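What follows is a short report on a single structure.
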Amino acid sequence: MNRGSDSNVGQLAAAPIRLVHRGRVVTLPEVPPDLTLLELLRQRLGLSGVKEGCAAGDCGACTVAVAERDPAGGLRWRALNSCIRLAHSVAGCAVWSAQDLGADPLIERGGQALHPVQQALLDAHASQCGFCTPGIVMSLFVLQQRQGASAPVTRPQAQQALSGNLCRCTGYRPILQAAEALPTYPAAPLDRPRLLALLAQAEQAMQAEPPAAEPAYVAPRTEAAALQARQRWPQAVLVAGGTDACLQLTQQRRRWHQVLDLSRCTELQRIEHQRDPDGAVWLRLGAAATLHDAFAALQAHWPALRSYWERFAGAPIRDGGTLGGNVANASPIGDSMPVLIALGARVVLAAHGRAPRQLALEDFYLGYRRTALAADELLTHLLIPLPAAGMPPLQVAAHKLSKRLEDDIAAVSLALAWRLDERQRVIDIRIGAGGVAPTPVRARAAEAALLGQPWRAASVRAAMQALQDSVQPLSDGRASAAYRRAMLGNLLWRTWLEHGGAATEVPLRLDEPSAWQRLQALTERSRA
């Protein structure tokens, strides 16, 4: 990919990158701040096996494995889309492509030319054109490193590991069969002590570099340093995971002169509980926590969210993207925001020299892709209230409609969190919606229609009408406005059916020209 040149890029200090590759620390000088990892691997290291397919993180052909030291002294493994990952973000990490598995001296293959993952795919005839195969290899390699070579690989595990890898000609049956057969192959152990030593060596070399007065790539390690950098260079492009921001580089051919990357700030990666003086307990999610880690924390409190989170993009996006980035990106079809709004999330906005301020998430959005974030502020944390002892259980449901089951953008999303008393009346409810307005929205009219009412069909139908009347969706390539309005009501009805309701009406048909008007008529009859 050639994004052209920009003479202004060279006015700032382009820093070198040190990373671990094929058993040694490699130094790559003068790397521009907006160079992607894919470009670095192909152009600087000659790894042409890393393929660029969509240049958007959708196909997975560019997937590579990245390992870094975790706080406990072990290894943290991730499969990442190199096409939408900034090269500087892997400084100090170890990186592998499919070409490296047969050439890395840290991997003991027992004299075999191929790594067991590659051999399993070959034996299962799991590759035809081969363009997607390097990315598939690396997704399965990371799965194996995370759980061990001898651990069983189930079909659901394989499907999740490969959720970000598209194959257009082979078909997934042989690929999944190869994944399930991995434990039957001889192990190819990685020299982890040696790898950890090399990672420490790369880190020490990076820390020994004198800081540039005007760096092109700023990667603070502490929250205080991040806030100071934001104040000093408010014009710098702000990224965390970059899974959406990097589309400006790959799809719009933009150039970035300076980048402020929060992905290395350990304080903003933490996930912990916070107790206020009044006894309220919050789940405190650092804005730089990966989607994978943040979703795991939310799922631990609300297991019903699991199926929704598994449909959020693919595994490499969840490994690379951050929750704060998804929220601050302010997309009206962002997957996390409807759920966070339903859970009562608040954002913490901080600036150097000022006390942090908090906003309810729904108040953070001012318009299409516009937020309340000031030029010198950072979104540092998200706070989600946890249920107090003795309260009725909080029930949670979330739904997403898209053209594909996995790795696709939502047409409509709806999330609810509610409590019922002993008489089955709604005593607390919050509803978040996506894809039906210029911003993610809180459906207050539908909440008001349900609050204090019995959890019955008539109440839900009244809320469906209020929900549909309160939105003004647009028609685009993903869905028509009528479809979005009808499905928003249907998702609320579906929630009721899945949580104690019984079907008493003919389901809404989508092949009717005015489906939402029929839904309105059904609601009016139920009221009568």
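Ordering of the structure tokens sets the chain letters (A, B, ...), residue numbers begin anew at 1 in every chain, and ligands are numbered from 1 in the order given.
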
Review point. Contacts of Asn81 in chain A at 7 Å or less, counting only C-alpha atoms, minus same-chain residues fewer than 3 places along, as a VMD selection string?
Key: chain A and resid 57 60 62 to 64 84 to 85 316

Practice item. Using DSSP on the backbone, list every residue of range 420-487 of chain A that comes out as strand (DSSP E or B), and give them as a list in words. Key: Leu420, Arg425, Val426, Ile427, Asp428, Ile429, Arg430, Ile431, Gly432, Ala433, Gly434, Val441, Arg442 and Pro454 of chain A

Point to revise | alpha helix (DSSP H) positions in range 39-252 of chain A, given as a ChimeraX atom specification | key: /A:39,116-123,133-147,155-161,172-180,192-207,223-232,247-250

Review point. When distances are computed from only C-alpha atoms, which of A:Tyr172, A:Trp282, A:Phe312, A:Phe131 shows the smallest separation from Asp408 in chain A?
Key: A:Phe312

**Study point:** Selection: 9 Å around Ala415 in chain A, only C-alpha atoms, excl. self and same-chain fewer than 4 positions, as a ChimeraX atom specification
**Key:** /A:338-343,396-400,430-434,491-492

Check your understanding: Hey, what's within 10 Å of Gly171 in chain A if we count only C-alpha atoms and toss same-chain stuff fewer than 6 positions away? As a ChimeraX atom specification, please?
Key -> /A:126-128

Selection to disk with all heavy atoms, as a short mmCIF file (atom, residue, chain, number, x, y, z; two decimals), in the first residue's frame:
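Output (result-v7.cif):
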```cif
data_model
loop_
_atom_site.label_atom_id
_atom_site.label_comp_id
_atom_site.auth_asym_id
_atom_site.auth_seq_id
_atom_site.Cartn_x
_atom_site.Cartn_y
_atom_site.Cartn_z
N ALA A 126 -6.50 -27.77 3.99
CA ALA A 126 -7.24 -26.60 4.46
C ALA A 126 -6.77 -25.31 3.80
O ALA A 126 -6.90 -24.23 4.38
CB ALA A 126 -7.12 -26.48 5.97
N SER A 127 -6.21 -25.41 2.60
CA SER A 127 -5.80 -24.21 1.88
C SER A 127 -5.93 -24.46 0.39
O SER A 127 -5.52 -25.52 -0.11
CB SER A 127 -4.36 -23.83 2.23
OG SER A 127 -3.94 -22.71 1.50
N GLN A 128 -6.48 -23.50 -0.33
CA GLN A 128 -6.56 -23.60 -1.79
C GLN A 128 -5.76 -22.46 -2.42
O GLN A 128 -4.61 -22.64 -2.80
CB GLN A 128 -8.02 -23.59 -2.26
CG GLN A 128 -8.74 -24.89 -1.92
CD GLN A 128 -10.08 -25.00 -2.62
OE1 GLN A 128 -10.16 -24.86 -3.83
NE2 GLN A 128 -11.13 -25.27 -1.86
#
```

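Considering the residues A:Leu405, A:Val26, A:Cys132, A:Ala65 and counting only C-alpha atoms, Gly49 in chain A has its shortest atom-to-atom contact with A:Cys132.
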
Once you count only C-alpha atoms, what closest atom pair and distance in Å to one decimal does each residue of range 99-139 of chain A within 12 Å of range 188-202 of chain A have, with rows by chain and rising residue number, as a Markdown table?
```
| residue | atom | partner | partner_atom | distance |
| --- | --- | --- | --- | --- |
| A:Leu101 | CA | A:Ala188 | CA | 9.8 |
| A:Gly102 | CA | A:Ala188 | CA | 10.4 |
| A:Asp104 | CA | A:Leu190 | CA | 9.4 |
| A:Pro105 | CA | A:Asp191 | CA | 8.7 |
| A:Leu106 | CA | A:Asp191 | CA | 5.2 |
| A:Ile107 | CA | A:Leu190 | CA | 4.6 |
| A:Glu108 | CA | A:Ala188 | CA | 5.1 |
| A:Arg109 | CA | A:Ala188 | CA | 4.8 |
| A:Gly110 | CA | A:Ala188 | CA | 7.1 |
| A:Gly111 | CA | A:Ala188 | CA | 10.0 |
| A:Gln112 | CA | A:Ala188 | CA | 9.4 |
| A:Ala113 | CA | A:Ala188 | CA | 11.3 |
| A:Leu114 | CA | A:Ala188 | CA | 9.8 |
| A:His115 | CA | A:Ala188 | CA | 6.9 |
| A:Pro116 | CA | A:Ala188 | CA | 6.9 |
| A:Val117 | CA | A:Ala188 | CA | 9.5 |
| A:Gln118 | CA | A:Ala188 | CA | 11.5 |
| A:Gln119 | CA | A:Ala188 | CA | 11.5 |
```

Check your understanding: What's the 10 Å shell around Leu474 in chain A, counting only C-alpha atoms, without same-chain residues fewer than 5 positions away, as a ChimeraX atom specification?
Key -> /A:435-438,479-485

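By chain and then residue number, the residues within 12 Å of range 44-46 of chain A are Ile17, Leu19, His21, Arg22, Val26, Thr27, Leu28, Pro29, Glu30, Val31, Leu35, Thr36, Leu37, Leu38, Glu39, Lys51, Ala87, Val95, Trp96, Ser97, Gln99 and Asp100 of chain A, counting only C-alpha atoms and disregarding those fewer than 5 positions away in sequence.
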
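Atom pair CA of Lys403 in chain A / CA of Arg478 in chain A: separated by 7.7 Å.
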
**Study point:** Nearest candidate to Ala296 in chain A (options A:Leu323, A:Ala446, A:Ala389, A:Ala240; using only C-alpha atoms)
**Key:** A:Leu323

Practice item. Select, from A:Ala350, A:Ala72, A:Ile136, A:Leu291, the residue with the minimum atom-to-atom distance to Gly241 in chain A, counting only C-alpha atoms. Key: A:Leu291

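Distances to Val25 in chain A were evaluated for A:Ile429, A:Ala443, A:Leu162, A:Ala94 using only C-alpha atoms, and the minimum falls at A:Ala94.
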